[in-house]
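Engineer: Quick one, my_file-v1.pdb (PDB, C-alpha atoms):
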MODEL        1
ATOM      1  CA  MET X1073       0.000   0.000   0.000  1.00  0.00           C
ATOM      2  CA  LYS X1074       1.291   3.458  -0.965  1.00  0.00           C
ATOM      3  CA  ASN X1075      -0.089   6.886  -0.196  1.00  0.00           C
ATOM      4  CA  PHE X1076       0.218   9.651  -2.788  1.00  0.00           C
ATOM      5  CA  LYS X1077      -0.086  13.424  -2.569  1.00  0.00           C
ATOM      6  CA  VAL X1078      -1.151  15.212  -5.760  1.00  0.00           C
ATOM      7  CA  ILE X1079      -1.192  18.950  -6.457  1.00  0.00           C
ATOM      8  CA  LEU X1080      -3.932  19.758  -8.952  1.00  0.00           C
ATOM      9  CA  GLU X1081      -4.658  22.769 -11.121  1.00  0.00           C
ATOM     10  CA  TYR X1082      -8.121  22.990 -12.653  1.00  0.00           C
ATOM     11  CA  ASP X1083     -10.691  25.136 -14.404  1.00  0.00           C
ATOM     12  CA  GLY X1084     -13.957  24.538 -12.572  1.00  0.00           C
ATOM     13  CA  THR X1085     -16.221  26.141 -15.179  1.00  0.00           C
ATOM     14  CA  ASP X1086     -17.675  22.924 -16.612  1.00  0.00           C
ATOM     15  CA  PHE X1087     -18.009  21.034 -13.329  1.00  0.00           C
ATOM     16  CA  ALA X1088     -20.603  20.888 -10.548  1.00  0.00           C
ATOM     17  CA  GLY X1089     -17.859  21.466  -7.980  1.00  0.00           C
ATOM     18  CA  TRP X1090     -15.295  19.122  -6.476  1.00  0.00           C
ATOM     19  CA  GLN X1091     -17.453  16.640  -4.570  1.00  0.00           C
ATOM     20  CA  TRP X1092     -18.569  13.501  -6.381  1.00  0.00           C
ATOM     21  CA  GLN X1093     -22.181  13.391  -7.529  1.00  0.00           C
ATOM     22  CA  PRO X1094     -23.861  10.429  -9.242  1.00  0.00           C
ATOM     23  CA  ASP X1095     -25.509  12.358 -12.057  1.00  0.00           C
ATOM     24  CA  ARG X1096     -23.356  15.437 -12.660  1.00  0.00           C
ATOM     25  CA  PRO X1097     -19.767  15.981 -13.843  1.00  0.00           C
ATOM     26  CA  THR X1098     -17.490  16.720 -10.882  1.00  0.00           C
ATOM     27  CA  LEU X1099     -13.773  17.205 -10.457  1.00  0.00           C
ATOM     28  CA  GLN X1100     -13.536  14.392  -7.923  1.00  0.00           C
ATOM     29  CA  GLY X1101     -15.373  12.091 -10.302  1.00  0.00           C
ATOM     30  CA  ALA X1102     -12.987  12.960 -13.139  1.00  0.00           C
ATOM     31  CA  PHE X1103      -9.949  12.379 -10.924  1.00  0.00           C
ATOM     32  CA  GLU X1104     -11.205   9.040  -9.631  1.00  0.00           C
ATOM     33  CA  GLU X1105     -12.010   7.947 -13.182  1.00  0.00           C
ATOM     34  CA  ALA X1106      -8.412   8.724 -14.171  1.00  0.00           C
ATOM     35  CA  ILE X1107      -7.243   6.409 -11.376  1.00  0.00           C
ATOM     36  CA  ARG X1108      -9.651   3.683 -12.521  1.00  0.00           C
ATOM     37  CA  LEU X1109      -8.418   3.935 -16.099  1.00  0.00           C
ATOM     38  CA  THR X1110      -4.814   3.725 -14.872  1.00  0.00           C
ATOM     39  CA  THR X1111      -4.956   0.718 -12.530  1.00  0.00           C
ATOM     40  CA  GLY X1112      -8.555  -0.496 -12.477  1.00  0.00           C
ATOM     41  CA  GLU X1113      -8.848   0.491  -8.802  1.00  0.00           C
ATOM     42  CA  GLU X1114     -12.052   2.033  -7.472  1.00  0.00           C
ATOM     43  CA  ILE X1115     -10.582   4.565  -5.051  1.00  0.00           C
ATOM     44  CA  ARG X1116     -12.307   7.359  -3.138  1.00  0.00           C
ATOM     45  CA  VAL X1117      -9.785  10.193  -2.880  1.00  0.00           C
ATOM     46  CA  THR X1118      -9.465  12.908  -0.232  1.00  0.00           C
ATOM     47  CA  ALA X1119      -9.124  16.588  -1.152  1.00  0.00           C
ATOM     48  CA  SER X1120      -7.943  19.433   1.057  1.00  0.00           C
ATOM     49  CA  GLY X1121     -11.485  20.791   0.783  1.00  0.00           C
ATOM     50  CA  ARG X1122     -14.436  21.016  -1.552  1.00  0.00           C
ATOM     51  CA  THR X1123     -14.641  23.750  -4.140  1.00  0.00           C
ATOM     52  CA  ASP X1124     -18.054  24.844  -5.404  1.00  0.00           C
ATOM     53  CA  ALA X1125     -19.296  24.774  -8.990  1.00  0.00           C
ATOM     54  CA  GLY X1126     -17.362  27.235 -11.133  1.00  0.00           C
ATOM     55  CA  VAL X1127     -14.488  27.682  -8.659  1.00  0.00           C
ATOM     56  CA  HIS X1128     -10.927  27.154  -9.901  1.00  0.00           C
ATOM     57  CA  ALA X1129      -7.718  25.867  -8.311  1.00  0.00           C
ATOM     58  CA  LEU X1130      -4.038  26.571  -8.801  1.00  0.00           C
ATOM     59  CA  GLY X1131      -2.998  24.269  -5.978  1.00  0.00           C
ATOM     60  CA  GLN X1132      -5.703  21.878  -4.813  1.00  0.00           C
ATOM     61  CA  VAL X1133      -4.196  18.968  -2.907  1.00  0.00           C
ATOM     62  CA  VAL X1134      -5.510  15.407  -3.153  1.00  0.00           C
ATOM     63  CA  SER X1135      -4.359  12.253  -1.402  1.00  0.00           C
ATOM     64  CA  PHE X1136      -5.149   8.619  -2.121  1.00  0.00           C
ATOM     65  CA  LYS X1137      -3.888   5.154  -1.210  1.00  0.00           C
ATOM     66  CA  SER X1138      -3.219   2.538  -3.884  1.00  0.00           C
ATOM     67  CA  GLU X1139      -2.232  -1.125  -3.969  1.00  0.00           C
ATOM     68  CA  SER X1140      -0.582  -0.556  -7.354  1.00  0.00           C
ATOM     69  CA  LYS X1141       3.183  -0.898  -7.767  1.00  0.00           C
ATOM     70  CA  LEU X1142       3.323   2.319  -9.801  1.00  0.00           C
ATOM     71  CA  ASP X1143       5.709   4.958  -8.444  1.00  0.00           C
ATOM     72  CA  SER X1144       4.973   8.677  -8.269  1.00  0.00           C
ATOM     73  CA  ARG X1145       6.544   9.388 -11.666  1.00  0.00           C
ATOM     74  CA  ALA X1146       4.389   6.765 -13.364  1.00  0.00           C
ATOM     75  CA  TRP X1147       1.274   8.029 -11.602  1.00  0.00           C
ATOM     76  CA  HIS X1148       2.059  11.575 -12.727  1.00  0.00           C
ATOM     77  CA  GLY X1149       2.175  10.627 -16.379  1.00  0.00           C
ATOM     78  CA  ALA X1150      -0.798   8.275 -16.235  1.00  0.00           C
ATOM     79  CA  LEU X1151      -3.077  10.703 -14.421  1.00  0.00           C
ATOM     80  CA  ASN X1152      -2.390  13.514 -16.868  1.00  0.00           C
ATOM     81  CA  HIS X1153      -2.990  11.125 -19.748  1.00  0.00           C
ATOM     82  CA  HIS X1154      -6.476  10.265 -18.464  1.00  0.00           C
ATOM     83  CA  LEU X1155      -7.555  13.551 -16.858  1.00  0.00           C
ATOM     84  CA  PRO X1156      -9.808  15.899 -18.873  1.00  0.00           C
ATOM     85  CA  PRO X1157      -8.089  18.963 -20.354  1.00  0.00           C
ATOM     86  CA  GLN X1158      -9.564  21.186 -17.628  1.00  0.00           C
ATOM     87  CA  MET X1159      -7.451  19.375 -15.008  1.00  0.00           C
ATOM     88  CA  ARG X1160      -3.739  18.737 -14.620  1.00  0.00           C
ATOM     89  CA  ALA X1161      -1.636  17.084 -11.936  1.00  0.00           C
ATOM     90  CA  LEU X1162       1.245  19.495 -11.377  1.00  0.00           C
ATOM     91  CA  GLU X1163       3.048  17.221  -8.952  1.00  0.00           C
ATOM     92  CA  VAL X1164       2.713  13.681  -7.602  1.00  0.00           C
ATOM     93  CA  VAL X1165       4.795  12.512  -4.646  1.00  0.00           C
ATOM     94  CA  GLU X1166       4.647   9.523  -2.328  1.00  0.00           C
ATOM     95  CA  ALA X1167       3.560  10.627   1.144  1.00  0.00           C
ATOM     96  CA  PRO X1168       3.623   8.969   4.580  1.00  0.00           C
ATOM     97  CA  LEU X1169       0.727   6.571   5.096  1.00  0.00           C
ATOM     98  CA  ASP X1170      -0.791   8.847   7.740  1.00  0.00           C
ATOM     99  CA  PHE X1171      -0.839  11.904   5.455  1.00  0.00           C
ATOM    100  CA  SER X1172      -4.288  13.286   4.602  1.00  0.00           C
ATOM    101  CA  ALA X1173      -4.833  16.110   2.146  1.00  0.00           C
ATOM    102  CA  ARG X1174      -7.643  17.340   4.380  1.00  0.00           C
ATOM    103  CA  PHE X1175      -6.687  16.564   7.967  1.00  0.00           C
ATOM    104  CA  SER X1176      -2.946  17.272   7.670  1.00  0.00           C
ATOM    105  CA  ALA X1177      -3.529  20.792   6.308  1.00  0.00           C
ATOM    106  CA  THR X1178      -2.512  23.720   8.528  1.00  0.00           C
ATOM    107  CA  GLY X1179      -3.759  26.576   6.349  1.00  0.00           C
ATOM    108  CA  LYS X1180      -4.941  27.727   2.953  1.00  0.00           C
ATOM    109  CA  GLN X1181      -4.574  30.640   0.586  1.00  0.00           C
ATOM    110  CA  TYR X1182      -7.384  31.752  -1.696  1.00  0.00           C
ATOM    111  CA  GLY X1183      -7.378  34.364  -4.421  1.00  0.00           C
ATOM    112  CA  TYR X1184     -10.289  36.271  -5.917  1.00  0.00           C
ATOM    113  CA  ILE X1185     -10.360  38.440  -9.051  1.00  0.00           C
ATOM    114  CA  VAL X1186     -12.718  41.364  -9.599  1.00  0.00           C
ATOM    115  CA  LEU X1187     -12.762  42.894 -13.075  1.00  0.00           C
ATOM    116  CA  ASN X1188     -13.477  46.554 -12.318  1.00  0.00           C
ATOM    117  CA  ARG X1189     -14.314  48.373 -15.546  1.00  0.00           C
ATOM    118  CA  PRO X1190     -17.456  49.666 -17.259  1.00  0.00           C
ATOM    119  CA  MET X1191     -17.854  46.795 -19.733  1.00  0.00           C
ATOM    120  CA  PRO X1192     -17.682  43.060 -18.973  1.00  0.00           C
ATOM    121  CA  SER X1193     -15.153  40.866 -20.753  1.00  0.00           C
ATOM    122  CA  PRO X1194     -16.371  37.893 -22.800  1.00  0.00           C
ATOM    123  CA  LEU X1195     -12.900  36.360 -22.396  1.00  0.00           C
ATOM    124  CA  LYS X1196     -12.764  36.711 -18.609  1.00  0.00           C
ATOM    125  CA  ARG X1197     -16.394  36.090 -17.712  1.00  0.00           C
ATOM    126  CA  ASN X1198     -15.631  32.588 -16.355  1.00  0.00           C
ATOM    127  CA  TYR X1199     -12.581  33.718 -14.398  1.00  0.00           C
ATOM    128  CA  SER X1200     -13.557  36.954 -12.641  1.00  0.00           C
ATOM    129  CA  TRP X1201     -16.476  38.938 -11.214  1.00  0.00           C
ATOM    130  CA  HIS X1202     -17.345  41.956 -13.315  1.00  0.00           C
ATOM    131  CA  VAL X1203     -18.139  45.055 -11.220  1.00  0.00           C
ATOM    132  CA  SER X1204     -18.827  48.150 -13.324  1.00  0.00           C
ATOM    133  CA  THR X1205     -18.912  50.689 -10.451  1.00  0.00           C
ATOM    134  CA  VAL X1206     -15.593  52.396  -9.713  1.00  0.00           C
ATOM    135  CA  LEU X1207     -14.523  50.951  -6.355  1.00  0.00           C
ATOM    136  CA  ASN X1208     -12.914  52.857  -3.485  1.00  0.00           C
ATOM    137  CA  LEU X1209      -9.938  50.589  -2.906  1.00  0.00           C
ATOM    138  CA  LYS X1210      -8.592  52.699  -0.031  1.00  0.00           C
ATOM    139  CA  ALA X1211     -11.840  52.234   1.912  1.00  0.00           C
ATOM    140  CA  MET X1212     -11.851  48.505   1.140  1.00  0.00           C
ATOM    141  CA  ARG X1213      -8.327  48.111   2.483  1.00  0.00           C
ATOM    142  CA  GLU X1214      -9.167  50.005   5.663  1.00  0.00           C
ATOM    143  CA  ALA X1215     -12.316  47.920   6.208  1.00  0.00           C
ATOM    144  CA  SER X1216     -10.402  44.672   5.692  1.00  0.00           C
ATOM    145  CA  GLN X1217      -8.221  45.356   8.741  1.00  0.00           C
ATOM    146  CA  TYR X1218     -11.151  44.633  11.074  1.00  0.00           C
ATOM    147  CA  LEU X1219     -11.208  41.037   9.822  1.00  0.00           C
ATOM    148  CA  LEU X1220      -7.598  40.137  10.559  1.00  0.00           C
ATOM    149  CA  GLY X1221      -6.933  37.841  13.489  1.00  0.00           C
ATOM    150  CA  GLU X1222      -9.099  35.294  15.263  1.00  0.00           C
ATOM    151  CA  HIS X1223     -12.851  35.976  15.148  1.00  0.00           C
ATOM    152  CA  ASP X1224     -16.247  34.361  14.976  1.00  0.00           C
ATOM    153  CA  PHE X1225     -16.934  34.639  11.229  1.00  0.00           C
ATOM    154  CA  THR X1226     -20.623  33.689  11.352  1.00  0.00           C
ATOM    155  CA  SER X1227     -21.519  36.888   9.465  1.00  0.00           C
ATOM    156  CA  PHE X1228     -19.415  35.620   6.546  1.00  0.00           C
ATOM    157  CA  SER X1229     -20.461  31.979   6.638  1.00  0.00           C
ATOM    158  CA  CYS X1230     -22.870  30.018   4.477  1.00  0.00           C
ATOM    159  CA  THR X1231     -26.400  30.310   5.884  1.00  0.00           C
ATOM    160  CA  ASP X1232     -26.981  26.540   5.842  1.00  0.00           C
ATOM    161  CA  THR X1233     -23.595  25.575   7.263  1.00  0.00           C
ATOM    162  CA  ASP X1234     -23.335  22.673   9.690  1.00  0.00           C
ATOM    163  CA  THR X1235     -20.032  23.925  11.115  1.00  0.00           C
ATOM    164  CA  VAL X1236     -20.050  23.687  14.905  1.00  0.00           C
ATOM    165  CA  ASN X1237     -17.249  26.185  15.526  1.00  0.00           C
ATOM    166  CA  PRO X1238     -17.354  29.360  13.354  1.00  0.00           C
ATOM    167  CA  VAL X1239     -14.127  30.783  14.811  1.00  0.00           C
ATOM    168  CA  ARG X1240     -11.311  31.131  12.305  1.00  0.00           C
ATOM    169  CA  GLU X1241      -7.989  32.976  12.246  1.00  0.00           C
ATOM    170  CA  LEU X1242      -7.456  35.175   9.202  1.00  0.00           C
ATOM    171  CA  HIS X1243      -3.713  35.697   8.807  1.00  0.00           C
ATOM    172  CA  ALA X1244      -3.673  37.957   5.750  1.00  0.00           C
ATOM    173  CA  LEU X1245      -6.106  39.860   3.532  1.00  0.00           C
ATOM    174  CA  GLU X1246      -4.529  41.881   0.738  1.00  0.00           C
ATOM    175  CA  MET X1247      -5.818  43.653  -2.348  1.00  0.00           C
ATOM    176  CA  GLU X1248      -3.682  44.468  -5.371  1.00  0.00           C
ATOM    177  CA  HIS X1249      -4.789  46.880  -8.094  1.00  0.00           C
ATOM    178  CA  ASP X1250      -3.558  45.501 -11.421  1.00  0.00           C
ATOM    179  CA  GLY X1251      -4.854  47.598 -14.307  1.00  0.00           C
ATOM    180  CA  ASN X1252      -8.616  47.059 -14.303  1.00  0.00           C
ATOM    181  CA  ARG X1253      -8.424  44.080 -11.967  1.00  0.00           C
ATOM    182  CA  ILE X1254      -8.546  43.956  -8.180  1.00  0.00           C
ATOM    183  CA  ILE X1255      -6.826  40.803  -6.963  1.00  0.00           C
ATOM    184  CA  PHE X1256      -7.665  39.640  -3.451  1.00  0.00           C
ATOM    185  CA  SER X1257      -5.428  37.297  -1.471  1.00  0.00           C
ATOM    186  CA  LEU X1258      -6.636  35.703   1.771  1.00  0.00           C
ATOM    187  CA  GLU X1259      -4.759  33.320   4.059  1.00  0.00           C
ATOM    188  CA  ALA X1260      -6.213  31.543   7.088  1.00  0.00           C
ATOM    189  CA  SER X1261      -5.783  28.460   9.218  1.00  0.00           C
ATOM    190  CA  ALA X1262      -9.083  27.313   7.699  1.00  0.00           C
ATOM    191  CA  PHE X1263     -12.123  28.876   6.040  1.00  0.00           C
ATOM    192  CA  LEU X1264     -15.857  28.499   6.543  1.00  0.00           C
ATOM    193  CA  ARG X1265     -17.911  27.592   3.493  1.00  0.00           C
ATOM    194  CA  HIS X1266     -18.441  30.710   1.311  1.00  0.00           C
ATOM    195  CA  MET X1267     -16.342  32.752   3.758  1.00  0.00           C
ATOM    196  CA  VAL X1268     -14.015  34.155   1.094  1.00  0.00           C
ATOM    197  CA  ARG X1269     -16.840  34.976  -1.300  1.00  0.00           C
ATOM    198  CA  ASN X1270     -18.871  36.632   1.458  1.00  0.00           C
ATOM    199  CA  ILE X1271     -15.898  38.713   2.589  1.00  0.00           C
ATOM    200  CA  VAL X1272     -15.209  39.822  -0.986  1.00  0.00           C
ATOM    201  CA  GLY X1273     -18.888  40.608  -1.581  1.00  0.00           C
ATOM    202  CA  THR X1274     -18.974  42.740   1.573  1.00  0.00           C
ATOM    203  CA  LEU X1275     -15.735  44.556   0.749  1.00  0.00           C
ATOM    204  CA  VAL X1276     -17.086  45.366  -2.716  1.00  0.00           C
ATOM    205  CA  GLU X1277     -20.095  46.972  -0.987  1.00  0.00           C
ATOM    206  CA  VAL X1278     -17.605  49.093   0.965  1.00  0.00           C
ATOM    207  CA  GLY X1279     -15.912  49.969  -2.322  1.00  0.00           C
ATOM    208  CA  ARG X1280     -19.294  50.999  -3.727  1.00  0.00           C
ATOM    209  CA  GLU X1281     -19.729  53.114  -0.564  1.00  0.00           C
ATOM    210  CA  ARG X1282     -22.885  51.284   0.476  1.00  0.00           C
ATOM    211  CA  PHE X1283     -21.043  50.374   3.688  1.00  0.00           C
ATOM    212  CA  THR X1284     -18.442  52.488   5.476  1.00  0.00           C
ATOM    213  CA  GLN X1285     -15.110  51.141   6.606  1.00  0.00           C
ATOM    214  CA  GLU X1286     -16.326  51.248  10.219  1.00  0.00           C
ATOM    215  CA  ASP X1287     -19.448  49.227   9.332  1.00  0.00           C
ATOM    216  CA  MET X1288     -17.215  46.190   8.881  1.00  0.00           C
ATOM    217  CA  LYS X1289     -16.530  46.015  12.625  1.00  0.00           C
ATOM    218  CA  GLY X1290     -20.253  45.942  13.422  1.00  0.00           C
ATOM    219  CA  ILE X1291     -20.939  43.368  10.691  1.00  0.00           C
ATOM    220  CA  LEU X1292     -18.281  41.053  12.109  1.00  0.00           C
ATOM    221  CA  GLU X1293     -19.478  41.463  15.701  1.00  0.00           C
ATOM    222  CA  ALA X1294     -23.141  40.938  14.754  1.00  0.00           C
ATOM    223  CA  ARG X1295     -22.491  37.267  13.930  1.00  0.00           C
ATOM    224  CA  ASP X1296     -25.426  37.517  11.555  1.00  0.00           C
ATOM    225  CA  ARG X1297     -25.099  36.616   7.856  1.00  0.00           C
ATOM    226  CA  THR X1298     -27.913  39.010   6.912  1.00  0.00           C
ATOM    227  CA  LYS X1299     -25.828  42.008   8.052  1.00  0.00           C
ATOM    228  CA  ALA X1300     -23.016  41.393   5.545  1.00  0.00           C
ATOM    229  CA  GLY X1301     -22.937  41.967   1.809  1.00  0.00           C
ATOM    230  CA  PRO X1302     -23.872  39.563  -0.988  1.00  0.00           C
ATOM    231  CA  THR X1303     -21.958  36.408  -1.823  1.00  0.00           C
ATOM    232  CA  ALA X1304     -19.501  37.089  -4.637  1.00  0.00           C
ATOM    233  CA  PRO X1305     -20.014  34.742  -7.609  1.00  0.00           C
ATOM    234  CA  PRO X1306     -17.908  31.564  -7.758  1.00  0.00           C
ATOM    235  CA  GLN X1307     -16.039  32.122 -11.012  1.00  0.00           C
ATOM    236  CA  GLY X1308     -13.689  34.724  -9.496  1.00  0.00           C
ATOM    237  CA  LEU X1309     -12.473  32.374  -6.760  1.00  0.00           C
ATOM    238  CA  TYR X1310      -9.225  30.379  -6.855  1.00  0.00           C
ATOM    239  CA  LEU X1311      -7.774  27.932  -4.343  1.00  0.00           C
ATOM    240  CA  VAL X1312      -4.153  29.045  -4.591  1.00  0.00           C
ATOM    241  CA  GLN X1313      -2.211  26.968  -2.066  1.00  0.00           C
ATOM    242  CA  VAL X1314      -2.653  24.547   0.825  1.00  0.00           C
ATOM    243  CA  TYR X1315      -0.136  24.587   3.684  1.00  0.00           C
ATOM    244  CA  TYR X1316       1.107  21.533   5.596  1.00  0.00           C
TER
ENDMDL
END
Is it possible to give me this structure as structure tokens?
Structural biologist:
Amino acid sequence: MKNFKVILEYDGTDFAGWQWQPDRPTLQGAFEEAIRLTTGEEIRVTASGRTDAGVHALGQVVSFKSESKLDSRAWHGALNHHLPPQMRALEVVEAPLDFSARFSATGKQYGYIVLNRPMPSPLKRNYSWHVSTVLNLKAMREASQYLLGEHDFTSFSCTDTDTVNPVRELHALEMEHDGNRIIFSLEASAFLRHMVRNIVGTLVEVGRERFTQEDMKGILEARDRTKAGPTAPPQGLYLVQVYY
């Protein structure tokens, strides 16, 4: 028995998210089919976390155990041969048997791209959120400072979450202005479901001046999802890196 760690890059546009579903195309389903075509094994793999429909990854991490005698180099070539063109294994290494892509993780980095210009882009519509209003980036940066550190992030969680503990530690939240794009970078020990998209959606409301910078403190302390801004759409979100 060998345990393998795989770093995956993928375009989530054509998939119903990561998690396997019996009647819809998923990234997990495509990855497990690539394993089946390689060795004939029916293996359920473990990912660092689920990504929703339309969300992309630069560094998703997957682990799986196999009885095959293939080494990591052979797995690398075979997986990329059988994976759909929207997915690629960037790296395959043999890991300790107790390694888990999910439970061994110590943190994650997500990115989000807002296309901030009057007209949408037909070329970037699946890879960014188009916001036509000129955004006040200075106000957004000031508001973001209230979110740094360890907090109860209920106001930025999914409304139907089953998470028992909504406390998370946000290590970094940065925004870079690159031409007509605003690129968000968020790092935390872990994230609640939709947390990144809800934070971005709320910060965009600050940029539109529908919220003030100081409103962010009250939104966070309210622990009430209805007090925050809308959920940013999935296509602008990227899982950048998982830390171990």
Engineer: Please, what distance in Å, to one decimal, runs between atom CA of X:Lys1210 and atom CA of X:Leu1242?
Structural biologist: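 Atom CA of X:Lys1210 sits 19.8 Å away from atom CA of X:Leu1242.
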Engineer: Record the distance separating atom CA of X:Met1288 and atom CA of X:Tyr1218, expressed in Å with one decimal.
Structural biologist: 6.6 Å
Engineer: Rank nothing, just name the residue among X:Leu1309, X:Leu1209, X:Ile1079, X:Ala1125 nearest to X:Met1159, using only C-alpha atoms.
Structural biologist: X:Ile1079
Engineer: Take the PyMOL selection byres ((chain X and resi 1198) around 9), run it mentally on this structure, and tell me the resulting residues as a list in words.
Structural biologist: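 Applying the expression gives Thr1085, Gly1126, Pro1194, Leu1195, Lys1196, Arg1197, Tyr1199, Ser1200, Trp1201, Pro1306, Gln1307 and Gly1308 of chain X.
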Engineer: Could you state which residues are captured by the PyMOL selection byres ((chain X and resi 1163-1176) around 8) in this file, as an NGL selection string?
Structural biologist: :X and (1074-1080 or 1118-1121 or 1133-1135 or 1137 or 1143-1145 or 1147-1148 or 1161-1162 or 1177-1178 or 1316)
Engineer: Export C-alpha atoms of the chosen residues as a CSV table (one decimal), in the frame of the given file?
Structural biologist:
chain,number,residue,atom,x,y,z
X,1074,LYS,CA,1.3,3.5,-1.0
X,1075,ASN,CA,-0.1,6.9,-0.2
X,1076,PHE,CA,0.2,9.7,-2.8
X,1077,LYS,CA,-0.1,13.4,-2.6
X,1078,VAL,CA,-1.2,15.2,-5.8
X,1079,ILE,CA,-1.2,19.0,-6.5
X,1080,LEU,CA,-3.9,19.8,-9.0
X,1118,THR,CA,-9.5,12.9,-0.2
X,1119,ALA,CA,-9.1,16.6,-1.2
X,1120,SER,CA,-7.9,19.4,1.1
X,1121,GLY,CA,-11.5,20.8,0.8
X,1133,VAL,CA,-4.2,19.0,-2.9
X,1134,VAL,CA,-5.5,15.4,-3.2
X,1135,SER,CA,-4.4,12.3,-1.4
X,1137,LYS,CA,-3.9,5.2,-1.2
X,1143,ASP,CA,5.7,5.0,-8.4
X,1144,SER,CA,5.0,8.7,-8.3
X,1145,ARG,CA,6.5,9.4,-11.7
X,1147,TRP,CA,1.3,8.0,-11.6
X,1148,HIS,CA,2.1,11.6,-12.7
X,1161,ALA,CA,-1.6,17.1,-11.9
X,1162,LEU,CA,1.2,19.5,-11.4
X,1177,ALA,CA,-3.5,20.8,6.3
X,1178,THR,CA,-2.5,23.7,8.5
X,1316,TYR,CA,1.1,21.5,5.6
Engineer: Of the residues X:Val1276, X:Gln1093, X:Asp1232, X:Asn1270, which is the one nearest to X:Asn1188, using all atoms listed in the file?
Structural biologist: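 With all atoms listed in the file as the atom set, the closest residue is X:Val1276.
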Engineer: Of the residues X:Ile1115, X:Ala1129, X:Val1236, X:Leu1142, which is the one nearest to X:Tyr1182, using only C-alpha atoms?
Structural biologist: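 For X:Tyr1182, the nearest of the candidates is X:Ala1129.
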Engineer: Give me the result of the PyMOL selection byres ((chain X and resi 1186) around 12) on this file, residue by residue, as a ChimeraX atom specification.
Structural biologist: /X:1183-1185,1187-1189,1192-1193,1196-1207,1209,1247-1257,1269,1272-1273,1275-1276,1279,1304-1310
Engineer: Separation of atom CA of X:Ser1261 and atom CA of X:Asp1224, in Å?
Structural biologist: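 Atom-to-atom, atom CA of X:Ser1261 and atom CA of X:Asp1224 are spaced 13.3 Å apart.
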Engineer: Could you check the closest approach to X:Glu1105 for each of X:Gly1290, X:Gly1301, X:Pro1156, X:Gly1221 and tell me which residue wins, using all atoms listed in the file?
Structural biologist: X:Pro1156
Engineer: As AutoDock Vina command-line options, what would the box around stretch 1222-1241 of chain X look like: edges along x, y and z, 4 Å added on every side, centre and edge lengths in Å to one decimal?
Structural biologist:
--center_x -17.5 --center_y 29.8 --center_z 10.0 --size_x 27.0 --size_y 22.2 --size_z 19.0
Engineer: Could you check the closest approach to X:Arg1295 for each of X:Thr1226, X:Met1191, X:Glu1281, X:His1266 and tell me which residue wins, using only C-alpha atoms?
Structural biologist: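 Closest residue, counting only C-alpha atoms: X:Thr1226.
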